[in-house]
file coords33.tsv (TSV, C-alpha atoms (C1' of nucleotides))
chain	number	residue	atom	x	y	z
A	340	MET	CA	-94.77	46.30	-78.58
A	341	ALA	CA	-97.78	44.34	-79.75
A	342	GLN	CA	-96.28	40.90	-79.55
A	343	ASP	CA	-98.04	37.65	-80.15
A	344	ASP	CA	-98.48	37.30	-76.41
A	345	GLU	CA	-100.52	40.42	-76.25
A	346	MET	CA	-102.76	39.31	-79.05
A	347	THR	CA	-103.76	36.14	-77.28
A	348	GLY	CA	-103.02	37.07	-73.70
A	349	LYS	CA	-101.98	33.48	-73.21
A	350	ALA	CA	-98.21	33.47	-73.11
A	351	TRP	CA	-98.67	32.08	-69.60
A	352	ASP	CA	-101.13	29.41	-70.68
A	353	ASP	CA	-99.47	26.03	-70.88
A	354	GLY	CA	-102.73	24.35	-71.68
A	355	ALA	CA	-102.80	22.42	-68.42
A	356	SER	CA	-105.09	24.87	-66.68
A	357	PRO	CA	-108.61	25.95	-67.57
A	358	ALA	CA	-108.49	28.62	-70.24
A	359	LEU	CA	-108.91	32.19	-69.04
A	360	PRO	CA	-110.01	35.05	-71.29
A	361	ALA	CA	-107.42	37.04	-73.19
A	362	GLY	CA	-105.98	39.81	-71.06
A	363	ALA	CA	-106.92	38.15	-67.81
A	364	ALA	CA	-103.42	38.78	-66.53
A	365	ARG	CA	-103.73	42.53	-67.00
A	366	LEU	CA	-103.38	44.38	-63.73
A	367	ASP	CA	-106.64	46.27	-64.08
A	368	ASN	CA	-108.54	43.07	-64.83
A	369	GLN	CA	-107.66	41.45	-61.55
A	370	LEU	CA	-109.85	41.19	-58.50
A	371	CYS	CA	-106.87	40.90	-56.17
A	372	PHE	CA	-105.48	44.21	-57.35
A	373	ALA	CA	-108.86	45.90	-57.03
A	374	VAL	CA	-109.00	44.74	-53.40
A	375	HIS	CA	-105.40	45.75	-52.77
A	376	ALA	CA	-105.83	49.22	-54.28
A	377	THR	CA	-109.15	49.82	-52.51
A	378	ALA	CA	-107.59	48.93	-49.16
A	379	HIS	CA	-104.89	51.54	-49.75
A	380	ALA	CA	-107.50	54.07	-50.80
A	381	PHE	CA	-109.41	53.47	-47.55
A	382	ASN	CA	-106.19	53.95	-45.66
A	383	ARG	CA	-105.52	57.26	-47.38
A	384	ALA	CA	-109.10	58.39	-46.79
A	385	TYR	CA	-108.98	57.53	-43.09
A	386	ARG	CA	-105.57	59.07	-42.46
A	387	PRO	CA	-106.58	62.75	-42.22
A	388	LEU	CA	-109.59	61.90	-40.04
A	389	LEU	CA	-107.58	59.72	-37.67
A	390	GLU	CA	-104.51	61.85	-37.32
A	391	LYS	CA	-106.71	64.45	-35.63
A	392	ILE	CA	-107.02	62.02	-32.72
A	393	GLY	CA	-103.52	60.60	-33.08
A	394	LEU	CA	-104.35	57.12	-34.35
A	395	THR	CA	-103.28	55.16	-37.38
A	396	TYR	CA	-105.83	53.03	-39.17
A	397	PRO	CA	-104.64	49.70	-37.72
A	398	GLN	CA	-104.60	51.29	-34.27
A	399	TYR	CA	-108.16	52.50	-34.87
A	400	LEU	CA	-109.23	48.97	-35.77
A	401	ALA	CA	-107.74	47.69	-32.52
A	402	MET	CA	-109.56	50.41	-30.61
A	403	LEU	CA	-112.84	49.45	-32.30
A	404	VAL	CA	-112.48	45.95	-30.87
A	405	LEU	CA	-111.53	47.30	-27.46
A	406	TRP	CA	-114.54	49.62	-27.40
A	407	GLN	CA	-116.65	46.51	-27.84
A	408	GLU	CA	-114.84	44.27	-25.39
A	409	ASN	CA	-113.10	46.62	-22.97
A	410	GLU	CA	-110.54	43.97	-22.06
A	411	LEU	CA	-109.17	40.98	-23.96
A	412	THR	CA	-105.98	39.05	-24.59
A	413	VAL	CA	-103.54	39.77	-27.38
A	414	LYS	CA	-104.52	36.48	-28.95
A	415	ALA	CA	-108.24	37.24	-28.92
A	416	LEU	CA	-107.56	40.65	-30.40
A	417	GLY	CA	-105.42	39.08	-33.10
A	418	GLU	CA	-108.16	36.63	-34.01
A	419	GLN	CA	-110.64	39.42	-34.58
A	420	LEU	CA	-108.17	41.51	-36.58
A	421	PHE	CA	-106.52	38.57	-38.38
A	422	LEU	CA	-103.13	39.73	-37.06
A	423	ASP	CA	-100.41	38.01	-35.06
A	424	SER	CA	-98.35	39.12	-32.07
A	425	GLY	CA	-95.51	40.26	-34.30
A	426	THR	CA	-97.78	42.99	-35.56
A	427	LEU	CA	-99.80	43.60	-32.41
A	428	SER	CA	-97.05	43.75	-29.79
A	429	PRO	CA	-95.41	46.94	-31.06
A	430	LEU	CA	-98.79	48.45	-31.99
A	431	LEU	CA	-100.14	47.86	-28.48
A	432	LYS	CA	-96.99	49.29	-26.98
A	433	ARG	CA	-97.65	52.50	-28.87
A	434	LEU	CA	-101.26	52.57	-27.68
A	435	GLU	CA	-99.97	52.03	-24.14
A	436	GLN	CA	-97.42	54.83	-24.59
A	437	ALA	CA	-100.29	57.07	-25.71
A	438	GLY	CA	-102.11	56.21	-22.49
A	439	LEU	CA	-105.04	54.52	-24.23
A	440	VAL	CA	-104.56	50.96	-22.95
A	441	THR	CA	-102.74	49.05	-20.24
A	442	ARG	CA	-101.06	45.67	-20.66
A	443	ARG	CA	-100.53	43.13	-17.92
A	444	ARG	CA	-99.95	39.40	-17.60
A	445	ASP	CA	-102.99	37.35	-16.68
A	446	ALA	CA	-102.43	36.14	-13.11
A	447	ARG	CA	-104.23	32.87	-13.89
A	448	ASP	CA	-102.24	32.14	-17.06
A	449	GLU	CA	-99.06	34.11	-17.23
A	450	ARG	CA	-98.53	33.32	-20.90
A	451	GLN	CA	-101.36	35.66	-21.76
A	452	VAL	CA	-101.28	39.43	-21.79
A	453	LEU	CA	-104.49	41.27	-21.04
A	454	VAL	CA	-105.07	44.50	-22.90
A	455	THR	CA	-107.45	46.89	-21.16
A	456	LEU	CA	-108.84	50.28	-22.09
A	457	THR	CA	-107.89	53.18	-19.84
A	458	GLU	CA	-110.39	55.92	-19.07
A	459	LYS	CA	-108.64	58.01	-21.70
A	460	GLY	CA	-109.02	55.15	-24.15
A	461	LYS	CA	-112.73	54.83	-23.40
A	462	ALA	CA	-113.20	58.56	-23.68
A	463	MET	CA	-111.64	58.61	-27.12
A	464	GLN	CA	-114.67	56.81	-28.52
A	465	GLU	CA	-116.59	60.06	-28.18
A	466	GLU	CA	-114.16	61.77	-30.54
A	467	THR	CA	-114.79	59.23	-33.28
A	468	GLY	CA	-118.42	60.21	-33.69
A	469	ARG	CA	-118.36	61.60	-37.18
A	470	ILE	CA	-115.70	59.34	-38.63
A	471	LEU	CA	-118.07	56.55	-39.56
A	472	SER	CA	-120.63	58.69	-41.34
A	473	THR	CA	-117.91	60.78	-42.99
A	474	MET	CA	-116.33	57.65	-44.39
A	475	LEU	CA	-119.66	56.24	-45.55
A	476	ALA	CA	-120.24	59.50	-47.39
A	477	LYS	CA	-116.80	59.24	-49.01
A	478	THR	CA	-117.59	55.76	-50.29
A	479	GLY	CA	-120.66	57.12	-52.06
A	480	CYS	CA	-122.45	53.89	-51.16
A	481	THR	CA	-125.87	53.49	-49.65
A	482	LEU	CA	-125.95	51.43	-46.49
A	483	ASP	CA	-127.44	48.53	-48.42
A	484	GLU	CA	-124.74	48.66	-51.07
A	485	ALA	CA	-122.05	48.83	-48.41
A	486	HIS	CA	-123.51	45.83	-46.62
A	487	GLU	CA	-123.79	43.80	-49.79
A	488	LEU	CA	-120.18	44.48	-50.70
A	489	ARG	CA	-119.05	43.80	-47.15
A	490	ASP	CA	-120.81	40.44	-47.13
A	491	LYS	CA	-119.26	39.39	-50.44
A	492	LEU	CA	-115.80	40.38	-49.24
A	493	GLN	CA	-116.23	38.58	-45.92
A	494	ALA	CA	-117.18	35.41	-47.78
A	495	LEU	CA	-114.24	35.85	-50.14
A	496	ARG	CA	-111.82	36.36	-47.27
A	497	ALA	CA	-113.10	33.25	-45.55
A	498	ARG	CA	-112.52	31.20	-48.71
A	499	LEU	CA	-109.02	32.62	-49.16
A	500	ASP	CA	-108.08	31.89	-45.55
A	501	GLY	CA	-109.75	28.51	-45.47
B	1050	MET	CA	-135.95	59.98	-25.72
B	1051	ALA	CA	-132.65	59.59	-23.97
B	1052	GLN	CA	-131.43	56.10	-24.67
B	1053	ASP	CA	-128.66	54.05	-23.22
B	1054	ASP	CA	-125.50	54.07	-25.30
B	1055	GLU	CA	-124.90	50.38	-25.02
B	1056	MET	CA	-128.39	49.54	-26.12
B	1057	THR	CA	-128.36	51.72	-29.18
B	1058	GLY	CA	-124.69	51.63	-30.07
B	1059	LYS	CA	-124.85	55.36	-30.63
B	1060	ALA	CA	-122.51	56.75	-28.03
B	1061	TRP	CA	-120.74	58.40	-30.97
B	1062	ASP	CA	-123.89	59.93	-32.40
B	1063	ASP	CA	-124.09	63.60	-31.59
B	1064	GLY	CA	-127.21	64.02	-33.67
B	1065	ALA	CA	-125.49	66.21	-36.24
B	1066	SER	CA	-124.86	63.35	-38.67
B	1067	PRO	CA	-127.37	61.08	-40.37
B	1068	ALA	CA	-128.33	58.27	-38.04
B	1069	LEU	CA	-126.62	54.94	-38.61
B	1070	PRO	CA	-128.00	51.62	-37.43
B	1071	ALA	CA	-127.11	50.31	-34.01
B	1072	GLY	CA	-123.83	48.44	-34.05
B	1073	ALA	CA	-122.63	50.13	-37.21
B	1074	ALA	CA	-119.31	50.80	-35.48
B	1075	ARG	CA	-118.68	47.12	-34.86
B	1076	LEU	CA	-115.55	45.93	-36.60
B	1077	ASP	CA	-117.25	43.11	-38.44
B	1078	ASN	CA	-119.97	45.41	-39.71
B	1079	GLN	CA	-117.60	47.67	-41.56
B	1080	LEU	CA	-116.88	47.65	-45.26
B	1081	CYS	CA	-113.44	49.18	-44.79
B	1082	PHE	CA	-112.38	46.33	-42.53
B	1083	ALA	CA	-113.74	43.72	-44.92
B	1084	VAL	CA	-111.62	45.27	-47.68
B	1085	HIS	CA	-108.59	45.54	-45.42
B	1086	ALA	CA	-108.84	41.94	-44.21
B	1087	THR	CA	-109.47	40.57	-47.70
B	1088	ALA	CA	-106.39	42.35	-49.02
B	1089	HIS	CA	-104.29	40.68	-46.34
B	1090	ALA	CA	-105.88	37.33	-47.11
B	1091	PHE	CA	-104.96	37.73	-50.80
B	1092	ASN	CA	-101.43	38.55	-49.74
B	1093	ARG	CA	-101.20	35.43	-47.62
B	1094	ALA	CA	-102.67	33.31	-50.40
B	1095	TYR	CA	-100.23	34.67	-53.00
B	1096	ARG	CA	-97.16	34.37	-50.80
B	1097	PRO	CA	-96.46	30.62	-51.17
B	1098	LEU	CA	-97.06	30.79	-54.93
B	1099	LEU	CA	-94.80	33.78	-55.44
B	1100	GLU	CA	-91.96	32.79	-53.19
B	1101	LYS	CA	-91.31	29.88	-55.55
B	1102	ILE	CA	-90.20	32.48	-58.11
B	1103	GLY	CA	-88.72	34.87	-55.57
B	1104	LEU	CA	-91.22	37.72	-55.76
B	1105	THR	CA	-93.32	39.49	-53.18
B	1106	TYR	CA	-96.88	40.42	-54.08
B	1107	PRO	CA	-96.15	44.12	-54.68
B	1108	GLN	CA	-93.17	43.12	-56.81
B	1109	TYR	CA	-95.43	40.78	-58.77
B	1110	LEU	CA	-97.87	43.64	-59.40
B	1111	ALA	CA	-95.02	45.75	-60.74
B	1112	MET	CA	-93.94	42.89	-62.99
B	1113	LEU	CA	-97.52	42.52	-64.29
B	1114	VAL	CA	-97.35	46.12	-65.51
B	1115	LEU	CA	-93.91	45.62	-66.99
B	1116	TRP	CA	-95.03	42.50	-68.85
B	1117	GLN	CA	-97.66	44.70	-70.48
B	1118	GLU	CA	-95.47	47.70	-71.21
B	1119	ASN	CA	-91.91	46.36	-71.27
B	1120	GLU	CA	-90.50	49.79	-70.45
B	1121	LEU	CA	-91.92	52.76	-68.60
B	1122	THR	CA	-91.00	55.50	-66.15
B	1123	VAL	CA	-91.24	55.21	-62.39
B	1124	LYS	CA	-94.00	57.79	-62.48
B	1125	ALA	CA	-96.07	55.89	-65.05
B	1126	LEU	CA	-95.63	52.69	-63.08
B	1127	GLY	CA	-96.69	54.48	-59.92
B	1128	GLU	CA	-99.84	55.78	-61.58
B	1129	GLN	CA	-100.92	52.29	-62.55
B	1130	LEU	CA	-100.13	50.85	-59.13
B	1131	PHE	CA	-101.30	53.90	-57.12
B	1132	LEU	CA	-97.88	54.06	-55.46
B	1133	ASP	CA	-95.28	56.81	-55.12
B	1134	SER	CA	-91.53	56.84	-55.56
B	1135	GLY	CA	-90.96	56.38	-51.85
B	1136	THR	CA	-92.42	52.92	-52.21
B	1137	LEU	CA	-91.25	52.12	-55.73
B	1138	SER	CA	-87.61	53.20	-55.54
B	1139	PRO	CA	-86.51	50.54	-53.07
B	1140	LEU	CA	-88.81	47.94	-54.62
B	1141	LEU	CA	-87.33	48.54	-58.08
B	1142	LYS	CA	-83.82	48.38	-56.67
B	1143	ARG	CA	-84.60	44.90	-55.40
B	1144	LEU	CA	-85.98	43.88	-58.79
B	1145	GLU	CA	-82.80	45.27	-60.37
B	1146	GLN	CA	-80.68	43.39	-57.85
B	1147	ALA	CA	-82.55	40.23	-58.82
B	1148	GLY	CA	-81.67	40.91	-62.46
B	1149	LEU	CA	-85.28	41.32	-63.59
B	1150	VAL	CA	-85.19	44.99	-64.62
B	1151	THR	CA	-82.71	47.73	-65.46
B	1152	ARG	CA	-83.02	51.37	-64.44
B	1153	ARG	CA	-81.52	54.32	-66.29
B	1154	ARG	CA	-82.11	58.05	-66.59
B	1155	ASP	CA	-84.02	59.13	-69.67
B	1156	ALA	CA	-81.51	60.97	-71.91
B	1157	ARG	CA	-84.22	63.37	-73.10
B	1158	ASP	CA	-85.48	64.21	-69.62
B	1159	GLU	CA	-82.99	63.35	-66.93
B	1160	ARG	CA	-85.55	63.78	-64.17
B	1161	GLN	CA	-87.17	60.54	-65.24
B	1162	VAL	CA	-85.92	57.02	-64.66
B	1163	LEU	CA	-86.81	54.38	-67.20
B	1164	VAL	CA	-87.49	50.91	-65.91
B	1165	THR	CA	-86.99	48.16	-68.47
B	1166	LEU	CA	-87.44	44.40	-68.35
B	1167	THR	CA	-84.35	42.29	-68.81
B	1168	GLU	CA	-84.49	39.03	-70.74
B	1169	LYS	CA	-84.63	37.26	-67.41
B	1170	GLY	CA	-87.51	39.49	-66.40
B	1171	LYS	CA	-89.39	38.73	-69.60
B	1172	ALA	CA	-88.72	35.03	-69.22
B	1173	MET	CA	-90.18	35.02	-65.73
B	1174	GLN	CA	-93.65	35.56	-67.17
B	1175	GLU	CA	-93.59	31.94	-68.35
B	1176	GLU	CA	-93.22	30.79	-64.76
B	1177	THR	CA	-96.35	32.59	-63.66
B	1178	GLY	CA	-98.61	30.48	-65.82
B	1179	ARG	CA	-100.65	28.71	-63.22
B	1180	ILE	CA	-100.72	31.46	-60.62
B	1181	LEU	CA	-103.74	33.22	-62.05
B	1182	SER	CA	-105.96	30.18	-62.36
B	1183	THR	CA	-104.76	28.83	-59.01
B	1184	MET	CA	-105.75	32.08	-57.35
B	1185	LEU	CA	-109.10	32.19	-59.10
B	1186	ALA	CA	-109.76	28.70	-57.80
B	1187	LYS	CA	-108.83	29.80	-54.28
B	1188	THR	CA	-111.34	32.66	-54.43
B	1189	GLY	CA	-114.08	30.19	-55.22
B	1190	CYS	CA	-115.59	32.77	-57.54
B	1191	THR	CA	-116.79	32.28	-61.06
B	1192	LEU	CA	-115.23	34.62	-63.59
B	1193	ASP	CA	-118.45	36.61	-63.72
B	1194	GLU	CA	-118.62	36.98	-59.96
B	1195	ALA	CA	-114.96	38.02	-59.83
B	1196	HIS	CA	-115.54	40.63	-62.54
B	1197	GLU	CA	-118.63	42.02	-60.83
B	1198	LEU	CA	-116.81	42.38	-57.53
B	1199	ARG	CA	-113.75	43.86	-59.26
B	1200	ASP	CA	-115.91	46.48	-60.98
B	1201	LYS	CA	-117.62	47.49	-57.76
B	1202	LEU	CA	-114.28	47.82	-55.98
B	1203	GLN	CA	-112.76	49.83	-58.82
B	1204	ALA	CA	-115.67	52.25	-58.66
B	1205	LEU	CA	-115.37	52.43	-54.87
B	1206	ARG	CA	-111.65	53.09	-55.06
B	1207	ALA	CA	-112.20	55.86	-57.57
B	1208	ARG	CA	-114.72	57.54	-55.27
B	1209	LEU	CA	-112.40	57.22	-52.27
B	1210	ASP	CA	-109.47	58.70	-54.18
B	1211	GLY	CA	-111.56	61.35	-55.88
C	303	DA	C1'	-80.61	85.41	-70.12
C	304	DA	C1'	-82.14	85.22	-65.42
C	305	DC	C1'	-85.13	83.60	-62.15
C	306	DA	C1'	-89.10	81.36	-60.33
C	307	DA	C1'	-92.17	77.60	-60.41
C	308	DT	C1'	-92.89	72.96	-61.37
C	309	DC	C1'	-91.68	68.17	-62.03
C	310	DC	C1'	-89.43	63.74	-60.90
C	311	DT	C1'	-86.69	60.68	-58.19
C	312	DA	C1'	-84.27	59.43	-54.05
C	313	DT	C1'	-83.82	59.45	-49.12
C	314	DT	C1'	-85.26	59.34	-44.29
C	315	DG	C1'	-88.25	58.17	-40.66
C	316	DC	C1'	-92.20	55.86	-38.84
C	317	DG	C1'	-95.53	52.29	-38.67
C	318	DC	C1'	-97.72	47.96	-40.39
C	319	DA	C1'	-97.36	42.85	-41.79
C	320	DC	C1'	-95.40	38.49	-41.47
C	321	DA	C1'	-91.89	34.58	-41.11
C	322	DA	C1'	-88.77	32.64	-38.02
C	323	DT	C1'	-86.98	32.28	-33.64
C	324	DT	C1'	-86.79	32.52	-28.57
C	325	DA	C1'	-88.52	32.17	-23.95
C	326	DA	C1'	-91.68	31.17	-20.54
C	327	DA	C1'	-95.91	29.01	-18.85
C	328	DT	C1'	-99.24	25.48	-19.17
C	329	DT	C1'	-100.98	21.04	-20.35
C	330	DA	C1'	-100.55	16.27	-21.71
C	331	DT	C1'	-98.31	11.87	-21.35
C	332	DG	C1'	-95.60	8.14	-19.74
D	1099	DC	C1'	-93.69	13.01	-10.79
D	1100	DA	C1'	-90.92	13.97	-14.72
D	1101	DT	C1'	-90.67	15.49	-19.15
D	1102	DA	C1'	-92.42	16.14	-23.63
D	1103	DA	C1'	-95.64	18.75	-26.36
D	1104	DT	C1'	-98.34	22.77	-26.79
D	1105	DT	C1'	-99.61	27.49	-26.12
D	1106	DT	C1'	-98.71	32.45	-25.88
D	1107	DA	C1'	-96.15	36.60	-26.42
D	1108	DA	C1'	-92.09	39.03	-27.61
D	1109	DT	C1'	-88.19	39.81	-30.62
D	1110	DT	C1'	-85.62	40.10	-34.97
D	1111	DG	C1'	-85.22	40.77	-39.78
D	1112	DT	C1'	-87.18	41.93	-44.34
D	1113	DG	C1'	-90.24	44.39	-47.13
D	1114	DC	C1'	-94.29	47.52	-48.14
D	1115	DG	C1'	-96.60	52.28	-47.77
D	1116	DC	C1'	-96.52	57.04	-47.13
D	1117	DA	C1'	-95.32	61.80	-45.36
D	1118	DA	C1'	-91.75	65.00	-45.45
D	1119	DT	C1'	-87.71	66.54	-47.36
D	1120	DA	C1'	-83.95	67.39	-50.58
D	1121	DG	C1'	-81.65	67.77	-55.02
D	1122	DG	C1'	-81.49	68.20	-59.87
D	1123	DA	C1'	-83.78	68.88	-64.28
D	1124	DT	C1'	-87.13	71.10	-66.97
D	1125	DT	C1'	-90.40	74.60	-68.07
D	1126	DG	C1'	-92.47	79.15	-67.77
D	1127	DT	C1'	-92.11	84.14	-67.26
D	1128	DT	C1'	-90.30	88.42	-67.74

call {"tool": "encode", "arguments": {"input": "coords33.tsv", "output": "structure tokens"}}
result
Amino acid sequence: MAQDDEMTGKAWDDGASPALPAGAARLDNQLCFAVHATAHAFNRAYRPLLEKIGLTYPQYLAMLVLWQENELTVKALGEQLFLDSGTLSPLLKRLEQAGLVTRRRDARDERQVLVTLTEKGKAMQEETGRILSTMLAKTGCTLDEAHELRDKLQALRARLDG
Amino acid sequence: MAQDDEMTGKAWDDGASPALPAGAARLDNQLCFAVHATAHAFNRAYRPLLEKIGLTYPQYLAMLVLWQENELTVKALGEQLFLDSGTLSPLLKRLEQAGLVTRRRDARDERQVLVTLTEKGKAMQEETGRILSTMLAKTGCTLDEAHELRDKLQALRARLDG
DNA sequence: AACAATCCTATTGCGCACAATTAAATTATG
DNA sequence: CATAATTTAATTGTGCGCAATAGGATTGTT
């Protein structure tokens, strides 16, 4: 199983690109996979906390924005979450079904749909009190470490999207 | 003293948890969201590169493992990818349909399914040559920066899963 | 040998993510 | 004013991710 490729790690290297170290293609060497796997791990860690209040993680993210803004359009929500209407429309329908938000066309521009927190939706914020600190504890990071990592990831995301 | 929720951002703080800074609950302040959004950004960045060779990003990750190991069980693959059979079974069926892998029961332990690269699957590695360096360029990171971030995320993931 | 416990994969159901398409409203342009 | 271009949301189809479940296969125990 130890072929020549594995000795050099450069079976993929046609010489036209800058040389990368041997084994760079290995799964566990890759930044993208570390990000991917960490995102799933966050999801798994949040799940038991959120199912107590009947939210999924993406729904919780949407609620976080709504707790800041109270009312906004689908488009504005999508810009903050980096999601499009194909993802948000069914998600928001489920939040509406759960009685947490209402959706209505903007009278001034009927293309837009305004998403608004209900009283029940506002009240739910109170139930999320310990989630944040529980999750921070699970990360094992200090606040400073978490902020540093967050900043580096935000910059990375901006470069990937740009 | 009794402070206004909106001023302090601590409507959620019941006093039983360690105090977090004001605005800690804001979406763009959170590490988990930065990880989540960066994972999606990686996905979007990989998509145009991978669709040239007919793979999705999770399929590409599975192929990365197979290019290292050539043959392994569904379980072993799942351990490396942090995925279960509910995710891998249909994914591997699609790879089989595409002629990249074969699947067969292990004769010595018929509970297990062995996934093996076909010649076509092995050959595909040649086509992935520039993907790695293209993606590294898109991140705008140096190798050292990428490795540092990768290490921090791997440690974080381990703590979240542990 | 018999039976229970465990292991491994597949299936089902639900929700997220995104591309492509459709439909309707608004804005821009001739 | 007419109509072309743009904007916005919803819908459809495909694939990932995971919980719950089921069905065999293996292993452990007595």

call {"tool": "calpha_fit_rmsd", "arguments": {"input": "coords33.tsv", "fixed": "chain B", "moving": "chain A"}}
result
2.3 Å

call {"tool": "closest_atom_pairs", "arguments": {"input": "coords33.tsv", "of": "chain D", "to": "chain B", "cutoff": "12 Å", "atoms": "only C-alpha atoms (C1' of nucleotides)", "output": "Markdown table"}}
result
| residue | atom | partner | partner_atom | distance |
| --- | --- | --- | --- | --- |
| D:DT1112 | C1' | B:Thr1105 | CA | 11.0 |
| D:DG1113 | C1' | B:Thr1105 | CA | 8.4 |
| D:DC1114 | C1' | B:Thr1136 | CA | 7.0 |
| D:DG1115 | C1' | B:Thr1136 | CA | 6.1 |
| D:DC1116 | C1' | B:Gly1135 | CA | 7.3 |
| D:DA1117 | C1' | B:Gly1135 | CA | 9.5 |
| D:DA1118 | C1' | B:Gly1135 | CA | 10.8 |
| D:DT1119 | C1' | B:Gly1135 | CA | 11.6 |
| D:DG1121 | C1' | B:Arg1160 | CA | 10.7 |
| D:DG1122 | C1' | B:Arg1160 | CA | 7.4 |
| D:DA1123 | C1' | B:Arg1160 | CA | 5.4 |
| D:DT1124 | C1' | B:Asp1158 | CA | 7.6 |
| D:DT1125 | C1' | B:Asp1158 | CA | 11.6 |

call {"tool": "write_last_selection", "arguments": {"input": "coords33.tsv", "atoms": "C-alpha atoms (C1' of nucleotides)", "output": "compact mmCIF listing (two decimals), keeping the file's coordinate frame"}}
result
# COMPACT_ATOMS: atom_id res chain seq x y z
C1' DT D 1112 -87.18 41.93 -44.34
C1' DG D 1113 -90.24 44.39 -47.13
C1' DC D 1114 -94.29 47.52 -48.14
C1' DG D 1115 -96.60 52.28 -47.77
C1' DC D 1116 -96.52 57.04 -47.13
C1' DA D 1117 -95.32 61.80 -45.36
C1' DA D 1118 -91.75 65.00 -45.45
C1' DT D 1119 -87.71 66.54 -47.36
C1' DG D 1121 -81.65 67.77 -55.02
C1' DG D 1122 -81.49 68.20 -59.87
C1' DA D 1123 -83.78 68.88 -64.28
C1' DT D 1124 -87.13 71.10 -66.97
C1' DT D 1125 -90.40 74.60 -68.07

call {"tool": "residues_around", "arguments": {"input": "coords33.tsv", "residues": "DA325 (chain C)", "least_positions_apart": "5", "cutoff": "12 Å", "atoms": "only C-alpha atoms (C1' of nucleotides)", "output": "list in words"}}
result
Arg450 of chain A; DT1106, DA1107, DA1108 and DT1109 of chain D

call {"tool": "atom_distance", "arguments": {"input": "coords33.tsv", "atom1": "C1' of DT324 (chain C)", "atom2": "CA of Ala1090 (chain B)"}}
result
27.0 Å

call {"tool": "atom_distance", "arguments": {"input": "coords33.tsv", "atom1": "CA of His375 (chain A)", "atom2": "CA of Arg489 (chain A)"}}
result
14.9 Å

call {"tool": "decode", "arguments": {"input": "coords33.tsv", "residues": "chain C", "atoms": "C-alpha atoms (C1' of nucleotides)", "output": "JSON list (two decimals), in the first residue's frame"}}
result
[["chain", "number", "residue", "atom", "x", "y", "z"],
["C", 303, "DA", "C1'", -25.62, -25.44, 22.33],
["C", 304, "DA", "C1'", -28.69, -21.74, 23.48],
["C", 305, "DC", "C1'", -29.46, -17.16, 24.32],
["C", 306, "DA", "C1'", -28.38, -12.45, 25.17],
["C", 307, "DA", "C1'", -25.71, -8.53, 24.13],
["C", 308, "DT", "C1'", -23.17, -6.09, 20.90],
["C", 309, "DC", "C1'", -21.75, -4.58, 16.36],
["C", 310, "DC", "C1'", -22.42, -2.92, 11.59],
["C", 311, "DT", "C1'", -25.03, -1.43, 7.70],
["C", 312, "DA", "C1'", -29.22, 0.08, 5.53],
["C", 313, "DT", "C1'", -33.50, 2.56, 5.62],
["C", 314, "DT", "C1'", -36.76, 6.23, 6.79],
["C", 315, "DG", "C1'", -37.97, 10.76, 8.00],
["C", 316, "DC", "C1'", -36.88, 15.50, 8.79],
["C", 317, "DG", "C1'", -34.34, 19.61, 8.09],
["C", 318, "DC", "C1'", -30.56, 22.38, 5.94],
["C", 319, "DA", "C1'", -28.03, 24.16, 1.62],
["C", 320, "DC", "C1'", -27.91, 25.52, -2.97],
["C", 321, "DA", "C1'", -28.70, 25.68, -8.17],
["C", 322, "DA", "C1'", -32.15, 26.54, -11.40],
["C", 323, "DT", "C1'", -36.51, 28.08, -12.47],
["C", 324, "DT", "C1'", -40.85, 30.68, -12.02],
["C", 325, "DA", "C1'", -43.72, 34.55, -10.88],
["C", 326, "DA", "C1'", -44.72, 38.98, -9.44],
["C", 327, "DA", "C1'", -43.42, 43.72, -8.38],
["C", 328, "DT", "C1'", -40.50, 47.54, -9.09],
["C", 329, "DT", "C1'", -37.35, 50.39, -11.56],
["C", 330, "DA", "C1'", -34.99, 51.97, -15.64],
["C", 331, "DT", "C1'", -35.02, 53.19, -20.44],
["C", 332, "DG", "C1'", -36.51, 54.46, -24.92]]
